[in-house]
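Chemist: Just so it is clear, I am handing over coords.cif, which has mmCIF, C-alpha atoms.
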data_final
#
loop_
_atom_site.label_atom_id
_atom_site.label_comp_id
_atom_site.auth_asym_id
_atom_site.auth_seq_id
_atom_site.Cartn_x
_atom_site.Cartn_y
_atom_site.Cartn_z
CA MET A 1 30.92 12.67 10.92
CA ARG A 2 30.75 9.10 12.13
CA ARG A 3 33.43 8.46 14.73
CA PRO A 4 35.94 5.88 13.48
CA LYS A 5 38.20 3.85 15.68
CA VAL A 6 41.55 2.62 14.51
CA GLN A 7 42.28 -1.08 14.83
CA PRO A 8 45.36 -2.22 16.77
CA VAL A 9 48.41 -2.36 14.53
CA ALA A 10 50.20 -5.72 14.42
CA TRP A 11 53.95 -5.73 14.88
CA ARG A 12 55.89 -5.84 11.63
CA PRO A 13 59.59 -6.54 11.06
CA PRO A 14 61.76 -3.76 9.63
CA LYS A 15 61.64 -3.25 5.90
CA ALA A 16 64.12 -5.33 3.95
CA ALA A 17 65.11 -2.30 1.88
CA PRO A 18 68.14 -0.42 3.24
CA ARG A 19 68.06 3.22 4.20
CA PRO A 20 68.06 5.46 1.15
CA ARG A 21 71.34 6.59 -0.29
CA PRO A 22 72.40 10.06 0.85
CA SER A 23 70.32 12.49 -1.18
CA LEU A 24 70.09 15.55 1.06
CA PRO A 25 70.85 18.88 -0.68
CA PRO A 26 73.16 21.33 1.11
CA LEU A 27 71.69 22.55 4.39
CA THR A 28 71.55 26.16 5.49
CA VAL A 29 71.54 26.15 9.30
CA HIS A 30 70.15 29.15 11.19
CA ASN A 31 71.12 29.10 14.85
CA VAL A 32 68.55 30.31 17.37
CA ASN A 33 68.78 31.25 21.05
CA GLY A 34 66.79 28.31 22.37
CA HIS A 35 66.93 24.53 22.47
CA GLY A 36 64.53 22.21 20.68
CA THR A 37 62.96 23.83 17.60
CA GLU A 38 60.37 21.05 17.51
CA ASP A 39 58.25 22.37 14.63
CA VAL A 40 58.28 25.16 12.04
CA VAL A 41 55.70 27.14 10.09
CA VAL A 42 56.17 29.83 7.43
CA ASP A 43 53.89 32.83 6.89
CA ASP A 44 53.12 34.76 3.68
CA ARG A 45 56.10 37.06 4.24
CA GLY A 46 58.52 34.17 4.53
CA HIS A 47 58.95 34.53 8.28
CA VAL A 48 59.65 31.23 10.04
CA PHE A 49 58.06 30.57 13.43
CA THR A 50 59.15 27.92 15.91
CA GLY A 51 58.78 27.11 19.60
CA VAL A 52 61.64 26.21 21.93
CA GLY A 53 62.05 24.39 25.21
CA ASP A 54 61.77 27.38 27.54
CA GLY A 55 58.31 28.27 26.22
CA ARG A 56 59.17 31.03 23.80
CA ILE A 57 57.79 31.40 20.27
CA LEU A 58 60.51 32.70 17.94
CA ARG A 59 60.26 34.41 14.54
CA LEU A 60 63.12 34.27 12.05
CA THR A 61 63.00 36.73 9.15
CA ALA A 62 62.98 35.40 5.61
CA ASP A 63 66.62 36.42 5.07
CA GLY A 64 67.67 34.67 8.28
CA ARG A 65 69.24 37.84 9.71
CA ARG A 66 66.84 38.69 12.52
CA LEU A 67 65.41 36.58 15.30
CA ASP A 68 62.66 37.89 17.58
CA THR A 69 60.72 36.47 20.50
CA VAL A 70 57.04 37.08 19.75
CA ALA A 71 55.44 35.29 22.72
CA ASP A 72 56.00 33.02 25.69
CA THR A 73 53.49 30.25 26.27
CA GLY A 74 54.71 29.46 29.77
CA GLY A 75 54.89 25.80 28.77
CA ARG A 76 56.59 23.70 26.09
CA PRO A 77 55.41 24.53 22.54
CA LEU A 78 55.53 21.63 20.06
CA GLY A 79 53.42 21.71 16.87
CA ILE A 80 52.80 25.14 15.36
CA GLU A 81 50.37 26.16 12.60
CA LEU A 82 48.91 29.29 11.02
CA PHE A 83 45.33 29.94 12.17
CA PRO A 84 42.91 31.52 9.65
CA ASP A 85 42.67 34.79 11.63
CA GLY A 86 46.43 35.39 11.53
CA ARG A 87 47.28 33.98 14.93
CA LEU A 88 49.44 30.93 15.56
CA LEU A 89 47.89 27.66 16.63
CA VAL A 90 50.28 26.04 19.10
CA CYS A 91 50.23 22.57 20.62
CA ASP A 92 51.84 23.00 24.02
CA ALA A 93 52.86 19.91 25.98
CA GLY A 94 52.42 21.77 29.25
CA ARG A 95 49.38 23.96 28.64
CA GLY A 96 47.31 22.37 25.87
CA LEU A 97 46.01 23.81 22.60
CA LEU A 98 46.72 27.53 22.30
CA LEU A 99 46.14 30.51 20.06
CA VAL A 100 49.05 32.93 20.08
CA ASP A 101 48.99 36.45 18.63
CA PRO A 102 52.49 37.13 17.23
CA LYS A 103 51.83 40.87 17.21
CA SER A 104 50.77 41.34 20.83
CA GLY A 105 52.18 38.16 22.37
CA LYS A 106 48.78 37.31 23.87
CA VAL A 107 48.24 33.62 24.57
CA GLU A 108 44.73 32.10 24.67
CA VAL A 109 44.18 28.55 25.90
CA ILE A 110 41.38 26.96 23.85
CA VAL A 111 41.78 23.37 25.10
CA PRO A 112 43.62 23.16 28.44
CA SER A 113 45.99 20.40 29.48
CA GLY A 114 44.74 18.15 32.22
CA ARG A 115 43.22 14.75 32.78
CA ASP A 116 41.64 14.77 29.32
CA LEU A 117 44.66 16.17 27.42
CA LEU A 118 48.03 15.03 28.70
CA LEU A 119 50.36 15.56 25.73
CA CYS A 120 49.10 17.92 23.03
CA ASN A 121 51.53 17.41 20.17
CA ASN A 122 50.63 18.45 16.61
CA ALA A 123 47.67 19.92 14.72
CA ALA A 124 46.16 20.91 11.39
CA VAL A 125 43.47 23.52 10.88
CA THR A 126 40.77 23.85 8.23
CA ALA A 127 39.74 27.06 6.49
CA ASP A 128 36.77 27.48 8.87
CA GLY A 129 38.93 27.05 11.98
CA THR A 130 38.19 23.41 12.78
CA VAL A 131 41.28 21.93 14.44
CA TYR A 132 42.45 18.33 14.29
CA PHE A 133 45.10 17.65 16.92
CA THR A 134 46.83 14.79 18.71
CA ASP A 135 47.07 13.76 22.33
CA SER A 136 50.12 11.50 22.12
CA SER A 137 49.67 9.51 25.31
CA SER A 138 47.30 9.27 28.24
CA ARG A 139 50.07 7.73 30.37
CA PHE A 140 53.26 9.71 29.89
CA PRO A 141 54.10 13.43 29.66
CA LEU A 142 56.63 14.79 27.17
CA GLU A 143 59.71 14.18 29.31
CA HIS A 144 58.94 10.46 29.26
CA TYR A 145 57.81 10.13 25.63
CA LYS A 146 60.25 7.25 25.07
CA ALA A 147 58.41 5.25 27.74
CA ASP A 148 55.21 5.34 25.71
CA ILE A 149 57.01 4.13 22.58
CA ILE A 150 58.81 1.35 24.47
CA GLU A 151 55.73 0.18 26.41
CA HIS A 152 53.66 0.29 23.21
CA SER A 153 50.41 0.65 25.13
CA GLY A 154 48.54 2.56 22.40
CA THR A 155 46.78 5.30 24.36
CA GLY A 156 47.19 8.11 21.82
CA ARG A 157 44.23 9.92 20.23
CA LEU A 158 43.27 12.18 17.35
CA LEU A 159 40.86 14.90 18.48
CA ARG A 160 38.78 17.56 16.78
CA ARG A 161 37.83 21.01 18.03
CA ASP A 162 35.02 22.73 16.15
CA PRO A 163 34.88 26.53 15.72
CA ASP A 164 32.20 26.70 18.44
CA GLY A 165 34.55 25.01 20.91
CA ALA A 166 32.95 21.55 20.83
CA LEU A 167 35.41 18.66 21.20
CA GLU A 168 35.20 15.19 19.73
CA THR A 169 37.50 12.16 19.79
CA VAL A 170 38.12 11.02 16.22
CA LEU A 171 40.52 8.10 16.73
CA THR A 172 41.74 6.16 19.75
CA GLY A 173 44.25 3.38 20.29
CA LEU A 174 47.10 5.16 18.52
CA GLN A 175 50.73 4.29 19.19
CA PHE A 176 52.10 7.69 20.25
CA ALA A 177 49.86 9.86 18.09
CA ASN A 178 51.99 12.59 16.56
CA GLY A 179 51.88 14.59 13.32
CA VAL A 180 48.66 15.79 11.65
CA ALA A 181 48.08 17.08 8.11
CA LEU A 182 45.02 17.84 5.98
CA ALA A 183 44.41 17.10 2.32
CA PRO A 184 44.56 20.29 0.23
CA ASP A 185 40.80 19.95 -0.37
CA GLU A 186 40.20 18.95 3.29
CA SER A 187 38.69 15.61 2.23
CA TYR A 188 40.84 13.67 4.71
CA VAL A 189 43.21 14.16 7.60
CA VAL A 190 46.44 12.20 8.05
CA VAL A 191 47.81 11.26 11.48
CA ALA A 192 51.20 9.76 12.28
CA GLN A 193 51.65 6.91 14.74
CA THR A 194 55.27 7.22 15.80
CA GLY A 195 55.27 3.93 17.72
CA ALA A 196 53.67 1.98 14.85
CA TYR A 197 55.78 3.44 12.00
CA ARG A 198 52.55 4.32 10.23
CA LEU A 199 50.51 7.12 8.67
CA ASP A 200 46.72 6.73 8.81
CA LYS A 201 44.25 8.59 6.62
CA VAL A 202 40.85 9.45 8.09
CA TRP A 203 38.29 10.31 5.42
CA LEU A 204 36.20 13.39 6.26
CA THR A 205 33.98 13.76 3.18
CA GLY A 206 32.42 11.66 0.45
CA GLU A 207 31.34 8.03 0.50
CA ARG A 208 34.29 6.99 2.66
CA ALA A 209 33.69 9.61 5.36
CA GLY A 210 34.33 8.13 8.80
CA THR A 211 36.60 5.34 7.56
CA VAL A 212 40.32 4.87 8.17
CA THR A 213 42.90 3.59 5.70
CA ALA A 214 46.68 3.30 5.86
CA LEU A 215 48.47 5.93 3.79
CA ASP A 216 52.02 4.71 4.45
CA ASP A 217 52.76 1.69 6.64
CA ASN A 218 55.82 -0.09 8.01
CA LEU A 219 57.96 3.02 7.66
CA PRO A 220 61.74 2.64 7.95
CA ALA A 221 61.93 5.46 10.52
CA PHE A 222 59.91 7.07 13.33
CA PRO A 223 57.42 9.52 11.78
CA ASP A 224 57.03 12.74 13.74
CA ASN A 225 55.30 15.97 12.70
CA LEU A 226 53.48 16.23 9.37
CA SER A 227 52.51 19.13 7.14
CA THR A 228 50.82 19.75 3.81
CA GLY A 229 53.22 21.39 1.37
CA SER A 230 52.50 24.13 -1.13
CA ASP A 231 53.03 21.31 -3.64
CA GLY A 232 50.03 19.43 -2.17
CA LEU A 233 52.16 16.59 -0.82
CA ILE A 234 52.13 15.29 2.76
CA TRP A 235 55.58 16.01 4.20
CA VAL A 236 56.84 13.72 6.95
CA ALA A 237 59.57 14.44 9.47
CA MET A 238 61.43 11.17 10.09
CA ALA A 239 63.02 11.71 13.49
CA SER A 240 65.29 8.67 13.58
CA PRO A 241 65.80 5.37 11.73
CA ARG A 242 64.02 2.37 13.23
CA ASP A 243 65.79 0.61 16.07
CA ARG A 244 66.08 -3.15 15.68
CA ALA A 245 66.17 -3.68 19.43
CA LEU A 246 62.87 -1.84 19.78
CA ASP A 247 61.34 -3.90 16.97
CA LEU A 248 62.29 -7.02 18.89
CA ILE A 249 60.83 -5.67 22.14
CA HIS A 250 57.41 -4.62 20.82
CA PRO A 251 55.89 -8.11 20.36
CA LEU A 252 56.95 -9.21 23.84
CA HIS A 253 54.68 -9.32 26.90
CA PRO A 254 53.79 -5.88 28.34
CA VAL A 255 55.60 -6.73 31.57
CA VAL A 256 58.83 -7.18 29.60
CA ARG A 257 58.35 -3.89 27.76
CA LYS A 258 57.82 -2.07 31.05
CA ALA A 259 60.98 -3.70 32.40
CA VAL A 260 62.96 -2.31 29.45
CA TRP A 261 61.65 1.18 30.19
CA ALA A 262 62.85 0.75 33.79
CA LEU A 263 66.43 0.10 32.64
CA PRO A 264 69.03 2.85 33.00
CA GLU A 265 68.96 5.36 30.14
CA ARG A 266 72.25 4.11 28.71
CA LEU A 267 70.75 0.65 28.16
CA GLN A 268 67.54 1.75 26.46
CA PRO A 269 67.07 2.02 22.67
CA LYS A 270 68.32 5.37 21.37
CA GLU A 271 67.69 7.57 18.39
CA LYS A 272 70.34 7.66 15.66
CA ARG A 273 71.73 10.85 14.14
CA SER A 274 70.27 11.64 10.74
CA VAL A 275 68.32 14.18 8.71
CA TRP A 276 65.45 12.33 7.07
CA VAL A 277 62.43 13.83 5.34
CA ARG A 278 59.84 12.14 3.12
CA ALA A 279 57.08 13.63 0.93
CA VAL A 280 54.12 11.37 0.16
CA ASP A 281 51.30 11.64 -2.35
CA GLY A 282 48.23 11.79 -0.11
CA ASP A 283 46.03 10.03 -2.65
CA THR A 284 48.22 7.05 -3.47
CA GLY A 285 50.74 6.85 -0.61
CA ARG A 286 53.57 6.94 -3.16
CA THR A 287 56.84 8.44 -1.94
CA VAL A 288 57.56 11.42 -4.21
CA HIS A 289 60.63 12.81 -2.44
CA GLU A 290 63.00 11.29 0.08
CA TYR A 291 65.92 13.21 1.56
CA TYR A 292 68.38 11.45 3.83
CA ASP A 293 71.90 11.97 5.14
CA THR A 294 73.92 12.15 8.35
CA PRO A 295 75.34 15.69 8.43
CA VAL A 296 77.42 16.75 11.42
CA ASP A 297 75.65 20.09 11.99
CA PHE A 298 71.99 19.03 12.28
CA HIS A 299 69.99 15.93 13.23
CA MET A 300 66.70 14.54 14.55
CA VAL A 301 64.19 16.27 12.29
CA THR A 302 60.88 16.49 14.15
CA GLY A 303 59.19 19.24 12.12
CA VAL A 304 59.07 19.89 8.37
CA ARG A 305 57.43 22.48 6.13
CA GLU A 306 57.70 22.86 2.35
CA ARG A 307 56.94 26.24 0.80
CA ASP A 308 57.56 27.16 -2.83
CA GLY A 309 60.41 24.71 -3.27
CA THR A 310 62.19 25.38 0.02
CA VAL A 311 62.03 22.84 2.83
CA TYR A 312 62.25 24.09 6.43
CA VAL A 313 63.04 21.67 9.26
CA GLY A 314 63.12 21.86 13.05
CA SER A 315 64.56 19.50 15.64
CA LEU A 316 63.72 18.45 19.17
CA ASP A 317 67.46 18.26 19.88
CA GLU A 318 68.97 21.28 18.10
CA ARG A 319 69.36 25.01 18.71
CA ALA A 320 68.70 25.78 15.06
CA ILE A 321 66.34 25.73 12.09
CA ALA A 322 67.64 24.35 8.80
CA THR A 323 66.53 24.79 5.20
CA PHE A 324 67.28 23.10 1.91
CA ALA A 325 66.00 23.25 -1.67
CA SER A 326 63.51 20.62 -2.81
CA ASN A 327 64.40 18.97 -6.11
CA GLY A 328 60.99 19.65 -7.57
#
Take the structure in the file and write it out as structure tokens.

Modeler:
Amino acid sequence: MRRPKVQPVAWRPPKAAPRPRPSLPPLTVHNVNGHGTEDVVVDDRGHVFTGVGDGRILRLTADGRRLDTVADTGGRPLGIELFPDGRLLVCDAGRGLLLVDPKSGKVEVIVPSGRDLLLCNNAAVTADGTVYFTDSSSRFPLEHYKADIIEHSGTGRLLRRDPDGALETVLTGLQFANGVALAPDESYVVVAQTGAYRLDKVWLTGERAGTVTALDDNLPAFPDNLSTGSDGLIWVAMASPRDRALDLIHPLHPVVRKAVWALPERLQPKEKRSVWVRAVDGDTGRTVHEYYDTPVDFHMVTGVRERDGTVYVGSLDERAIATFASNG
């Protein structure tokens, strides 16, 4: 595949349209014994897997009654996927790209963190085991992810690992590269740029192979992890509504943006409490579903997974997994 390179994204003002009216179905919240359920994945038995801040991988039974620790990565697990051989593919901010056996707890590092992989964030895997994954920033580790978004330096990347272990850079210049999802027929891969409010589609097959097009641009919120639903749609976790102060900062000189990052935490732009999920048609970019509200018992959705009409969400800032019914 020819290696494409994304073009810098020009600053855009917030959308004129207001936030959607509250449309979130009732949430079922399952508390877990760890903070920061960043992402979620569901296996064929309905078990829900997530990673939490202390490094553990947790499994919640389909009925929500039992929670088990199946592994400990020794780092900070973020994105989590099902690998074709039954293991879990885990993006770990501290250790890199991992394969985790939920039966034995064995952890295998297949792409280690280091100079060439600072912040492994989210991934998607093809049927033959090819992995597309993001390195969010070459400047800032996870604990300073806000700095990358404020400085807007665009050092994120989309990478590919082939089944034989070969690595290739697919896209560079991304504004905090984040979620990744594959078309149901694997004809393209979608990557989220959190700092650019944008979803890009990289064509993998056909006449357009090696080209990049915008799937959904100028989003009204910060896109985080992505997933491909059982309905074939691209599901987008919208972590927080856009911040007008940040929109005003982004077109300023880099020195000014760095100065904002240096301000005390209380003076920096902050996320706003909400539960916001969007489902997009991967072919047209049309929004098919949009769920939004500001419930008191859950917020900051960073991971989303749709399976057979149920939507599962995780959060970087909660000790819980939540579910709700999709409206079709």

Chemist: Please write as a PDB file with C-alpha atoms, in the coordinates of the input the full residue list that the PyMOL selection byres ((chain A and resi 106-111) around 10) yields on this file.

Modeler:
ATOM      1  CA  VAL A  70      57.040  37.080  19.750  1.00  0.00           C
ATOM      2  CA  ALA A  71      55.440  35.290  22.720  1.00  0.00           C
ATOM      3  CA  ASP A  72      56.000  33.020  25.690  1.00  0.00           C
ATOM      4  CA  THR A  73      53.490  30.250  26.270  1.00  0.00           C
ATOM      5  CA  GLY A  74      54.710  29.460  29.770  1.00  0.00           C
ATOM      6  CA  ARG A  87      47.280  33.980  14.930  1.00  0.00           C
ATOM      7  CA  LEU A  88      49.440  30.930  15.560  1.00  0.00           C
ATOM      8  CA  LEU A  89      47.890  27.660  16.630  1.00  0.00           C
ATOM      9  CA  VAL A  90      50.280  26.040  19.100  1.00  0.00           C
ATOM     10  CA  CYS A  91      50.230  22.570  20.620  1.00  0.00           C
ATOM     11  CA  ASP A  92      51.840  23.000  24.020  1.00  0.00           C
ATOM     12  CA  ARG A  95      49.380  23.960  28.640  1.00  0.00           C
ATOM     13  CA  GLY A  96      47.310  22.370  25.870  1.00  0.00           C
ATOM     14  CA  LEU A  97      46.010  23.810  22.600  1.00  0.00           C
ATOM     15  CA  LEU A  98      46.720  27.530  22.300  1.00  0.00           C
ATOM     16  CA  LEU A  99      46.140  30.510  20.060  1.00  0.00           C
ATOM     17  CA  VAL A 100      49.050  32.930  20.080  1.00  0.00           C
ATOM     18  CA  ASP A 101      48.990  36.450  18.630  1.00  0.00           C
ATOM     19  CA  PRO A 102      52.490  37.130  17.230  1.00  0.00           C
ATOM     20  CA  LYS A 103      51.830  40.870  17.210  1.00  0.00           C
ATOM     21  CA  SER A 104      50.770  41.340  20.830  1.00  0.00           C
ATOM     22  CA  GLY A 105      52.180  38.160  22.370  1.00  0.00           C
ATOM     23  CA  PRO A 112      43.620  23.160  28.440  1.00  0.00           C
ATOM     24  CA  SER A 113      45.990  20.400  29.480  1.00  0.00           C
ATOM     25  CA  GLY A 114      44.740  18.150  32.220  1.00  0.00           C
ATOM     26  CA  ASP A 116      41.640  14.770  29.320  1.00  0.00           C
ATOM     27  CA  LEU A 117      44.660  16.170  27.420  1.00  0.00           C
ATOM     28  CA  CYS A 120      49.100  17.920  23.030  1.00  0.00           C
ATOM     29  CA  ARG A 161      37.830  21.010  18.030  1.00  0.00           C
ATOM     30  CA  GLY A 165      34.550  25.010  20.910  1.00  0.00           C
ATOM     31  CA  ALA A 166      32.950  21.550  20.830  1.00  0.00           C
ATOM     32  CA  LEU A 167      35.410  18.660  21.200  1.00  0.00           C
TER      33      LEU A 167
END

Chemist: Any chance you could work out the residue set of the PyMOL selection byres ((chain A and resi 28-31) around 10) here, as a PyMOL selection string?

Modeler: chain A and resi 25-27+32-35+60+64-65+67+297-298+312-313+318-325

Chemist: To verify the selection step, state as a count of residues only which residues the PyMOL selection byres ((chain A and resi 169-178) around 8) yields on this input.

Modeler: 36

Chemist: From the set A:Gly309, A:Gly303, A:Gly94, A:Pro22, which residue has the shortest atom-to-atom contact distance to A:Thr37, counting all atoms listed in the file?

Modeler: A:Gly303

Chemist: Hey, what's within 7 Å of A:Leu58 if we count all atoms listed in the file and toss same-chain stuff fewer than 6 positions away? As a list in words, please?

Modeler: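 Skipping anything fewer than 6 positions along the chain leaves Phe49, Thr50, Gly51, Leu67, Asp68, Thr69 and Val70 of chain A.
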
Chemist: Find, counting all atoms listed in the file, the residue in A:Lys201, A:Arg208, A:Arg45, A:Lys272 that gets nearest to A:Ala221.

Modeler: A:Lys272

Chemist: What is the distance, in Å and to one decimal place, between atom CA of A:Ala183 and atom CA of A:Asp231?

Modeler: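 If I compute the distance from atom CA of A:Ala183 to atom CA of A:Asp231, I get 11.3 Å.
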
Chemist: List the residues sitting within 8 Å of (38.6, 9.0, 8.4) in the file's frame, using all atoms listed in the file, as an mmCIF file with C-alpha atoms, in the coordinates of the input.

Modeler:
data_model
loop_
_atom_site.group_PDB
_atom_site.id
_atom_site.type_symbol
_atom_site.label_atom_id
_atom_site.label_comp_id
_atom_site.auth_asym_id
_atom_site.auth_seq_id
_atom_site.Cartn_x
_atom_site.Cartn_y
_atom_site.Cartn_z
ATOM 1 C CA PRO A 4 35.940 5.880 13.480
ATOM 2 C CA TYR A 188 40.840 13.670 4.710
ATOM 3 C CA VAL A 189 43.210 14.160 7.600
ATOM 4 C CA LYS A 201 44.250 8.590 6.620
ATOM 5 C CA VAL A 202 40.850 9.450 8.090
ATOM 6 C CA TRP A 203 38.290 10.310 5.420
ATOM 7 C CA LEU A 204 36.200 13.390 6.260
ATOM 8 C CA ARG A 208 34.290 6.990 2.660
ATOM 9 C CA ALA A 209 33.690 9.610 5.360
ATOM 10 C CA GLY A 210 34.330 8.130 8.800
ATOM 11 C CA THR A 211 36.600 5.340 7.560
ATOM 12 C CA VAL A 212 40.320 4.870 8.170
ATOM 13 C CA THR A 213 42.900 3.590 5.700
#

Chemist: Any idea what the distance is between atom CA of A:Phe133 and atom CA of A:Arg273?

Modeler: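 Straight-line distance from atom CA of A:Phe133 to atom CA of A:Arg273 works out to 27.6 Å.
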
Chemist: Just how far from atom CA of A:Glu143 is atom CA of A:Ala237, in Å to one decimal?

Modeler: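 Distance between the two atoms: 19.8 Å.
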
Chemist: Taking 4 positions as the minimum chain separation for residues in the same chain, which residues sit within 8 Å of A:Ala181 when counting all atoms listed in the file? Answer as a PyMOL selection string.

Modeler: chain A and resi 123-124+189-191+226-228+234

Chemist: For stretch 75-80 of chain A, I'd like the enclosing box, axis-aligned and padded by 4 Å on every side, reported as JSON with centre and edge lengths in Å to one decimal.

Modeler:
{"center_x": 54.7, "center_y": 23.7, "center_z": 22.1, "size_x": 11.8, "size_y": 12.2, "size_z": 21.4}

Chemist: Which residues, protein or nucleic acid, reach to within 7 Å of (69.2, 17.5, 9.2) in the file's coordinates when using only C-alpha atoms, and can you give that as a CSV table (one decimal) with C-alpha atoms, in the coordinates of the input?

Modeler:
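Resulting contents of selection-v5.csv:
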chain,number,residue,atom,x,y,z
A,274,SER,CA,70.3,11.6,10.7
A,275,VAL,CA,68.3,14.2,8.7
A,276,TRP,CA,65.4,12.3,7.1
A,295,PRO,CA,75.3,15.7,8.4
A,298,PHE,CA,72.0,19.0,12.3
A,299,HIS,CA,70.0,15.9,13.2
A,300,MET,CA,66.7,14.5,14.6
A,301,VAL,CA,64.2,16.3,12.3

Chemist: Given only C-alpha atoms as the basis, pick out the residue of A:Leu118, A:Val288, A:Leu199, A:Ala62 nearest to A:Gly46.

Modeler: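 Selected residue with least distance to A:Gly46: A:Ala62.
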
Chemist: Can you work out which one of A:Val131, A:Ser138, A:Val42, A:Pro20 has the shortest atom-to-atom distance to A:Thr310, counting only C-alpha atoms?

Modeler: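 Using only C-alpha atoms, A:Thr310 sits closest to A:Val42.
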
Chemist: Restricting the calculation to all atoms listed in the file, which member of A:Thr126, A:Ser230, A:Ser326, A:Ser187 is positioned closest to A:Arg278?

Modeler: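 Ranking A:Thr126, A:Ser230, A:Ser326, A:Ser187 by distance to A:Arg278, first place goes to A:Ser326.
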
Chemist: Please list as a JSON list (two decimals) with C-alpha atoms, in the coordinates of the input every residue within 12 Å of A:Asp44, counting all atoms listed in the file and excluding residues in the same chain fewer than 6 positions away.

Modeler:
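Result written to around_7.json:
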[["chain", "number", "residue", "atom", "x", "y", "z"],
["A", 61, "THR", "CA", 63.00, 36.73, 9.15],
["A", 62, "ALA", "CA", 62.98, 35.40, 5.61],
["A", 82, "LEU", "CA", 48.91, 29.29, 11.02],
["A", 86, "GLY", "CA", 46.43, 35.39, 11.53],
["A", 230, "SER", "CA", 52.50, 24.13, -1.13],
["A", 307, "ARG", "CA", 56.94, 26.24, 0.80],
["A", 308, "ASP", "CA", 57.56, 27.16, -2.83]]

Chemist: For each of A:Arg286, A:His144, A:Arg19, A:Arg305, take the minimum atom-to-atom distance to A:Glu81, counting all atoms listed in the file, then give the residue where this is smallest.

Modeler: A:Arg305
